[in-house]
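S.K.: Before we start, here is the structure in question, set down as structure tokens.
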Amino acid sequence: MKKLTKTLALFSLLASLTFAAEKTDAMLFGEIKSVKSGEHIPFADILVKGTNLGTAADATGHFKLAHLPLGTFTIEARAMGYKSQSKEVTFEKDKAVTLFYELEDDILDLERVVVLSTRTKHFVKDTPVRTEVISIREIENKNASNLFEALENIPGIRVEQQCQYCNFSMVRMQGLGAEHTQVLINGQPSYSGLAGVYGLQQIGTADVDRIEIVKGAGSALYGSSAVAGAINIVTRDPSYIPTSKIGVQFGSYNTNVFVISSSMRSESGKVGLNIFAQQVTGDAIDETGEGTTLETVKIPDGISDRVASNLANAGFNLFLFNPFTSGDKLVFRGKMINEKREGGTVNDDYYRNPLTDGTENIRTDRYETGLDYSRPIGSDAELNISLAYTRHKRVATNDSYLGDYMATHNDSVPDLREMRPYLASENAITGTATFMKPLGKHNLLVGTQVYFNNLNESGMYVVVDEESAWLGSSYRSTSDKSAREFGFFVQDEFIFNPMLSIVPGIRFDQHQSREEYFANKKVFNTNFPATDFSESSVNPRLALKLSPTDKIALRVNIGTGFRAPYGFSEDLHLCSGSPRVWKSSELNPERSLSANFSADYYGVKSTFSVNVFHTELKDKIGFTDADKSVAALGYDYQWKNIDDAFVQGIELSANTFLTTDLELGADFTFNQGEYRHIREDWEGSAYEADSKYISRFPMSTGNIQADYSPGSWLFSLSGNLQGSMYIDYVNEDIDDTAGDLTKIKKTDPFILINGKISKEFGPLQLYAGVDNMLDLIQDEKHLDDAAFMYAPVFGRMFYSGLSYEIK
């Protein structure tokens, strides 16, 4: 990391010398004040529009720029929480100009620019497709060090953990699982496959500027897996003045966070650089144990509830402005993620041995590189090209091989020399190109996208079929998986009049994937047959926005979507236990029809919104035990089109500033999600009727938020309500004819409360907080079903820290 930082700093220095500004001695001085208070606004941005030049005001709200180009230019002043203001000036050689800005409050940040909804820039209140934004301020107030924490307490979104042993996490959007939500980084679908398993906790926030969320049909723009919507992580642009920040946080169970970042631009404004590094550590936690009552669950059992982890993020973003022609921009990005997580029996550090029973030991190494290029074409058109390459490697052990071996060898253990971890290596390339051209009242967007993925896996396994002639035989299984996707999309943003805009769009996708498994010795009567899948899809979308006044926006978004059966996160998660998951070539892709209607009120100090959603899902794919014919091929599990399903609900939210210092927010969501029929594996049981409900989809959710910020203080309090939901508990090792040990549980509602307090002393900020203030844990726990999680499994957590920013 040190070598990388030094190399980038040297490159930036050389580039700044190369692109030094012309010495015109044309100067700009000025100050920026608040209209309401009359006080100066510190660190506001000053931009010379049409150029790459700019600066930031100092702590007293004053600014200056030297050696400006000669001629007439528009100078824009902007600051978070204020409306931007522009003034036109003429610069002459050896002369100075003085400007005074008075900015109006925009405490709700309605002039914030978003790009996710239509791949074109809009203010958040003007976008034709409703877009929600998590700002850097909200991320910091939440004390969120990763994407999982940043997405908590967002209406219609639920982040959850699905494994008590390895803490595998996922995101649900409007009731649909992670496989239906496209996660993007700067508009590129970089996270899929292996990254979908632990990615939410591995994506750090050290370089994040904002997170954009669009719910509902997204396949018309973003392709497969955007059935429920899309989440776009937007990284920061370089600062106009050199800025560095360092942060240190310490918490319960050594939950520690260390962050450093730096941002700068050359004097000419033609070169910019962001660098960042983040480390997050945590000890294993054991506060709960198996039990069917809260009293018994509160007794620790010596098995980790949270894995021990050590996660490192580091990277850079290098910006070149006008590298080839006037107005173009070239961005190089690089990032690495390294993580180790260990879980299992914590007594005597038993889990530190990766090959012991009950142990999970997972090592992730991920390397990303990307290139973004944008260029104006003529006076109003624009071309954007993005390329990204990712290499993702995982080394993982758990006790599946050891347990199967002992079960088939009278509890004897295998030769240590035969033990092998699960090994996976994924290489992915994504490319996107778009061309945007205004034509009168129309804004035409045409684009294409390609995706290539290769995934290779291997691991040790044991034949456990008692009817097999190879019962107890150990063998090494390998897999070769690949996917190719091509997409082409067209969108027309038609501004009929200032009140009405209509955005039709359509996308064509061609998906091809192949999976093949091999064994290093004969352990089945036949070889594993390969699966090939080829499918094309056409997905239209229509969005309408009607604004009867400048404070009210009515939006409708209707579209179809699809998901191809490749790269399921659950499948890859289970691979460390068994990769033998059959995916028939006759498996149908999931298809969807979604509709969203929203009404938003944008006041000066308050916003109110209603969002109604409905999604029909056809041929939903589920994970089941292998049928007899599939098991005969050597597979343990299979993916099947289990049924059609639907999700629907209504989201209500409000946000208001009672005073300049006091912000209150609240939201409540009613949900319904059901399969069209009773699930086959629950027919004839006492839970037959309950099996129609989509598992892990709360019937209601809600959030409250209060932020009080007098002067340099911040007091933040948040609450999260999770209503009742249904969750499966299955014990496959016990014959449960009575139905007591295999069931569908309806959970009780609960509320989580978090709090934080912070104080600024100029560039220094001190803070402290508590998560899960009420010390709540789930009231039932079973170790034989690792996915039986619906609430926290460990209690209250404290933290404190400091950050120091140098400008």
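Going through the structure tokens in order, the chains are called A, B, and so on, while each chain numbers its residues from 1 and the ligands are numbered from 1 in the order shown.
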Just want the 7 Å neighbourhood of range 197-210 of chain A, counted on only C-alpha atoms, with same-chain residues fewer than 2 positions away dropped. Output as a list in words.

M.R.: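 Counting only the stated atoms, we get Val133, Ile134, Ser135, Ile136, Ser145, Asn146, Leu147, Phe148, Phe168, Ser169, Met170, Leu194, Ala195, Glu212, Ile233, Val234, Thr235, Arg236, Val259, Phe276, Gln278, Asn313, Ser569 and His573 of chain A.
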
S.K.: Write the residues you've just listed into a file as an mmCIF file, in the first residue's frame, and include N, CA and C atoms for each of them.

M.R.:
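selection-v3.cif, freshly written:
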data_model
loop_
_atom_site.group_PDB
_atom_site.id
_atom_site.type_symbol
_atom_site.label_atom_id
_atom_site.label_comp_id
_atom_site.auth_asym_id
_atom_site.auth_seq_id
_atom_site.Cartn_x
_atom_site.Cartn_y
_atom_site.Cartn_z
ATOM 1 N N VAL A 133 -31.676 8.485 -2.083
ATOM 2 C CA VAL A 133 -30.245 8.710 -1.966
ATOM 3 C C VAL A 133 -29.823 8.628 -0.505
ATOM 4 N N ILE A 134 -28.755 7.878 -0.266
ATOM 5 C CA ILE A 134 -28.096 7.867 1.040
ATOM 6 C C ILE A 134 -26.849 8.723 0.886
ATOM 7 N N SER A 135 -26.842 9.883 1.516
ATOM 8 C CA SER A 135 -25.738 10.824 1.350
ATOM 9 C C SER A 135 -24.576 10.444 2.252
ATOM 10 N N ILE A 136 -23.433 11.073 2.004
ATOM 11 C CA ILE A 136 -22.261 10.834 2.839
ATOM 12 C C ILE A 136 -22.545 11.270 4.272
ATOM 13 N N SER A 145 -19.538 1.563 8.206
ATOM 14 C CA SER A 145 -18.230 1.326 7.600
ATOM 15 C C SER A 145 -18.315 0.457 6.354
ATOM 16 N N ASN A 146 -19.508 -0.098 6.060
ATOM 17 C CA ASN A 146 -19.663 -0.932 4.867
ATOM 18 C C ASN A 146 -21.066 -0.763 4.302
ATOM 19 N N LEU A 147 -21.301 -1.362 3.141
ATOM 20 C CA LEU A 147 -22.579 -1.219 2.452
ATOM 21 C C LEU A 147 -23.717 -1.825 3.257
ATOM 22 N N PHE A 148 -23.474 -2.946 3.935
ATOM 23 C CA PHE A 148 -24.498 -3.596 4.751
ATOM 24 C C PHE A 148 -25.061 -2.601 5.771
ATOM 25 N N PHE A 168 -22.772 -14.924 6.471
ATOM 26 C CA PHE A 168 -23.159 -14.565 5.110
ATOM 27 C C PHE A 168 -24.350 -13.609 5.157
ATOM 28 N N SER A 169 -24.276 -12.499 4.411
ATOM 29 C CA SER A 169 -25.323 -11.488 4.445
ATOM 30 C C SER A 169 -25.918 -11.277 3.060
ATOM 31 N N MET A 170 -27.104 -10.673 3.027
ATOM 32 C CA MET A 170 -27.769 -10.394 1.756
ATOM 33 C C MET A 170 -28.701 -9.203 1.933
ATOM 34 N N LEU A 194 -19.163 -14.740 -6.818
ATOM 35 C CA LEU A 194 -18.543 -14.923 -5.509
ATOM 36 C C LEU A 194 -18.736 -13.713 -4.603
ATOM 37 N N ALA A 195 -18.699 -12.512 -5.170
ATOM 38 C CA ALA A 195 -18.818 -11.305 -4.358
ATOM 39 C C ALA A 195 -20.198 -11.169 -3.739
ATOM 40 N N GLU A 212 -27.248 5.499 -4.480
ATOM 41 C CA GLU A 212 -28.534 5.744 -5.125
ATOM 42 C C GLU A 212 -29.324 4.438 -5.199
ATOM 43 N N ILE A 233 -23.489 2.509 -6.147
ATOM 44 C CA ILE A 233 -22.519 3.131 -5.256
ATOM 45 C C ILE A 233 -21.699 4.116 -6.077
ATOM 46 N N VAL A 234 -21.794 5.393 -5.728
ATOM 47 C CA VAL A 234 -21.095 6.447 -6.473
ATOM 48 C C VAL A 234 -19.894 6.894 -5.646
ATOM 49 N N THR A 235 -18.711 6.782 -6.221
ATOM 50 C CA THR A 235 -17.501 7.173 -5.507
ATOM 51 C C THR A 235 -17.249 8.671 -5.648
ATOM 52 N N ARG A 236 -16.329 9.191 -4.854
ATOM 53 C CA ARG A 236 -16.116 10.633 -4.750
ATOM 54 C C ARG A 236 -15.281 11.185 -5.911
ATOM 55 N N VAL A 259 -9.278 4.270 9.091
ATOM 56 C CA VAL A 259 -9.532 4.809 7.754
ATOM 57 C C VAL A 259 -8.566 5.960 7.474
ATOM 58 N N PHE A 276 -7.400 5.892 -0.860
ATOM 59 C CA PHE A 276 -8.071 5.550 0.392
ATOM 60 C C PHE A 276 -7.632 4.167 0.859
ATOM 61 N N GLN A 278 -8.837 1.333 4.232
ATOM 62 C CA GLN A 278 -9.722 1.088 5.372
ATOM 63 C C GLN A 278 -9.471 -0.309 5.912
ATOM 64 N N ASN A 313 -9.577 -2.723 2.849
ATOM 65 C CA ASN A 313 -9.917 -2.120 1.558
ATOM 66 C C ASN A 313 -8.880 -1.064 1.235
ATOM 67 N N SER A 569 -26.019 -16.520 -5.492
ATOM 68 C CA SER A 569 -25.164 -16.318 -4.323
ATOM 69 C C SER A 569 -25.330 -17.460 -3.327
ATOM 70 N N HIS A 573 -22.410 -19.927 -1.912
ATOM 71 C CA HIS A 573 -22.211 -19.985 -0.469
ATOM 72 C C HIS A 573 -22.175 -21.439 -0.003
#

S.K.: When you look at range 101-107 of chain A with a cut-off of 9 Å (counting only C-alpha atoms), what residues show up, excluding the ones that are within fewer than 3 positions of it in the same chain? I need them as a compact mmCIF listing (two decimals) with N, CA, C and O atoms, in the first residue's frame.

M.R.:
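Contents of the output file selection-v7.txt:
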# COMPACT_ATOMS: atom_id res chain seq x y z
N GLY A 30 -13.52 36.35 -3.37
CA GLY A 30 -14.92 36.44 -2.98
C GLY A 30 -15.21 35.81 -1.64
O GLY A 30 -14.31 35.30 -0.95
N GLU A 31 -16.48 35.85 -1.28
CA GLU A 31 -16.94 35.24 -0.03
C GLU A 31 -18.32 34.66 -0.25
O GLU A 31 -19.04 35.07 -1.19
N ILE A 32 -18.70 33.71 0.61
CA ILE A 32 -19.99 33.02 0.49
C ILE A 32 -20.68 33.07 1.84
O ILE A 32 -20.10 32.68 2.86
N LYS A 33 -21.93 33.57 1.83
CA LYS A 33 -22.70 33.67 3.06
C LYS A 33 -24.05 32.97 2.90
O LYS A 33 -24.51 32.71 1.78
N SER A 34 -24.68 32.72 4.03
CA SER A 34 -26.04 32.20 4.06
C SER A 34 -27.03 33.35 4.04
O SER A 34 -26.88 34.32 4.80
N VAL A 35 -28.03 33.26 3.17
CA VAL A 35 -29.07 34.29 3.11
C VAL A 35 -29.80 34.40 4.44
O VAL A 35 -30.08 35.49 4.95
N LYS A 36 -30.07 33.26 5.04
CA LYS A 36 -30.89 33.24 6.25
C LYS A 36 -30.15 33.77 7.47
O LYS A 36 -30.66 34.63 8.20
N GLY A 38 -26.84 35.04 7.47
CA GLY A 38 -25.84 36.06 7.22
C GLY A 38 -24.43 35.64 7.56
O GLY A 38 -23.48 36.41 7.39
N HIS A 40 -20.91 33.35 7.24
CA HIS A 40 -20.11 32.77 6.16
C HIS A 40 -20.27 31.25 6.13
O HIS A 40 -20.46 30.61 7.18
N ILE A 41 -20.18 30.67 4.93
CA ILE A 41 -20.30 29.22 4.74
C ILE A 41 -18.90 28.66 4.47
O ILE A 41 -18.30 28.96 3.43
N ALA A 77 -21.27 28.71 -7.20
CA ALA A 77 -20.98 28.41 -5.80
C ALA A 77 -22.00 27.39 -5.30
O ALA A 77 -23.21 27.56 -5.53
N ARG A 78 -21.52 26.36 -4.61
CA ARG A 78 -22.44 25.35 -4.09
C ARG A 78 -21.88 24.77 -2.80
O ARG A 78 -20.68 24.68 -2.61
N ALA A 79 -22.79 24.38 -1.93
CA ALA A 79 -22.42 23.79 -0.65
C ALA A 79 -23.55 22.87 -0.20
O ALA A 79 -24.73 23.11 -0.53
N MET A 80 -23.19 21.82 0.52
CA MET A 80 -24.18 20.89 1.00
C MET A 80 -25.17 21.59 1.93
O MET A 80 -24.77 22.32 2.84
N GLY A 81 -26.45 21.42 1.67
CA GLY A 81 -27.48 22.05 2.47
C GLY A 81 -27.93 23.40 1.95
O GLY A 81 -28.76 24.06 2.58
N TYR A 82 -27.37 23.82 0.78
CA TYR A 82 -27.73 25.11 0.18
C TYR A 82 -28.00 24.94 -1.31
O TYR A 82 -27.46 24.04 -1.96
N LYS A 83 -28.83 25.83 -1.86
CA LYS A 83 -29.05 25.86 -3.29
C LYS A 83 -27.85 26.52 -3.96
O LYS A 83 -27.30 27.49 -3.45
N SER A 84 -27.46 26.00 -5.10
CA SER A 84 -26.32 26.56 -5.81
C SER A 84 -26.69 27.92 -6.41
O SER A 84 -27.87 28.21 -6.65
N GLN A 85 -25.69 28.75 -6.66
CA GLN A 85 -25.90 30.07 -7.24
C GLN A 85 -24.80 30.34 -8.27
O GLN A 85 -23.62 30.02 -8.02
N SER A 86 -25.17 30.90 -9.42
CA SER A 86 -24.21 31.16 -10.49
C SER A 86 -24.20 32.65 -10.83
O SER A 86 -25.24 33.33 -10.80
N LYS A 87 -22.99 33.13 -11.18
CA LYS A 87 -22.83 34.52 -11.62
C LYS A 87 -21.87 34.55 -12.81
O LYS A 87 -20.92 33.77 -12.86
N LEU A 110 -32.45 18.72 -2.08
CA LEU A 110 -33.26 18.37 -3.24
C LEU A 110 -32.56 18.71 -4.55
O LEU A 110 -32.98 18.27 -5.62
N GLU A 111 -31.48 19.50 -4.49
CA GLU A 111 -30.70 19.79 -5.69
C GLU A 111 -29.55 18.81 -5.88
O GLU A 111 -28.67 19.02 -6.71
N VAL A 604 -40.09 23.20 1.64
CA VAL A 604 -38.84 23.88 1.99
C VAL A 604 -38.16 23.16 3.15
O VAL A 604 -36.94 22.99 3.16
N LYS A 605 -38.97 22.72 4.12
CA LYS A 605 -38.41 22.06 5.30
C LYS A 605 -38.89 20.63 5.47
O LYS A 605 -38.42 19.93 6.38
N PHE A 657 -37.61 19.29 9.06
CA PHE A 657 -36.75 20.05 9.96
C PHE A 657 -37.67 20.92 10.83
O PHE A 657 -38.22 21.92 10.36
N THR A 660 -33.81 24.57 12.41
CA THR A 660 -32.61 24.39 11.61
C THR A 660 -31.74 23.27 12.15
O THR A 660 -31.04 22.59 11.40

S.K.: Can you pull out every residue within 8 Å of range 423-436 of chain A, counting only C-alpha atoms, but drop anything in the same chain fewer than 4 positions away, and send it as a PyMOL selection string?

M.R.: chain A and resi 188-190+193-194+381-396+443-459

S.K.: Provide the CA of Pro128 in chain A to CA of Ile558 in chain A distance in Å, to one decimal place.

M.R.: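 Distance between the two atoms: 12.2 Å.
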
S.K.: If you count only C-alpha atoms, which residues fall within 6 Å of Ser513 in chain A, apart from same-chain ones fewer than 5 positions away, as a list in words?

M.R.: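 The residues satisfying every condition are Ser482, Ala483, Asp532 and Phe533 of chain A.
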
S.K.: Write a file of the just-selected residues containing N, CA and C atoms, as a compact mmCIF listing (two decimals), in the first residue's frame.

M.R.:
# COMPACT_ATOMS: atom_id res chain seq x y z
N SER A 482 -19.11 -20.85 -16.63
CA SER A 482 -18.88 -19.65 -17.43
C SER A 482 -20.21 -19.05 -17.85
N ALA A 483 -20.21 -17.75 -18.06
CA ALA A 483 -21.40 -17.04 -18.52
C ALA A 483 -20.99 -15.94 -19.47
N ASP A 532 -25.97 -26.65 -20.21
CA ASP A 532 -25.84 -25.47 -21.08
C ASP A 532 -27.15 -24.72 -21.05
N PHE A 533 -27.05 -23.43 -21.01
CA PHE A 533 -28.26 -22.61 -20.94
C PHE A 533 -28.10 -21.43 -21.89
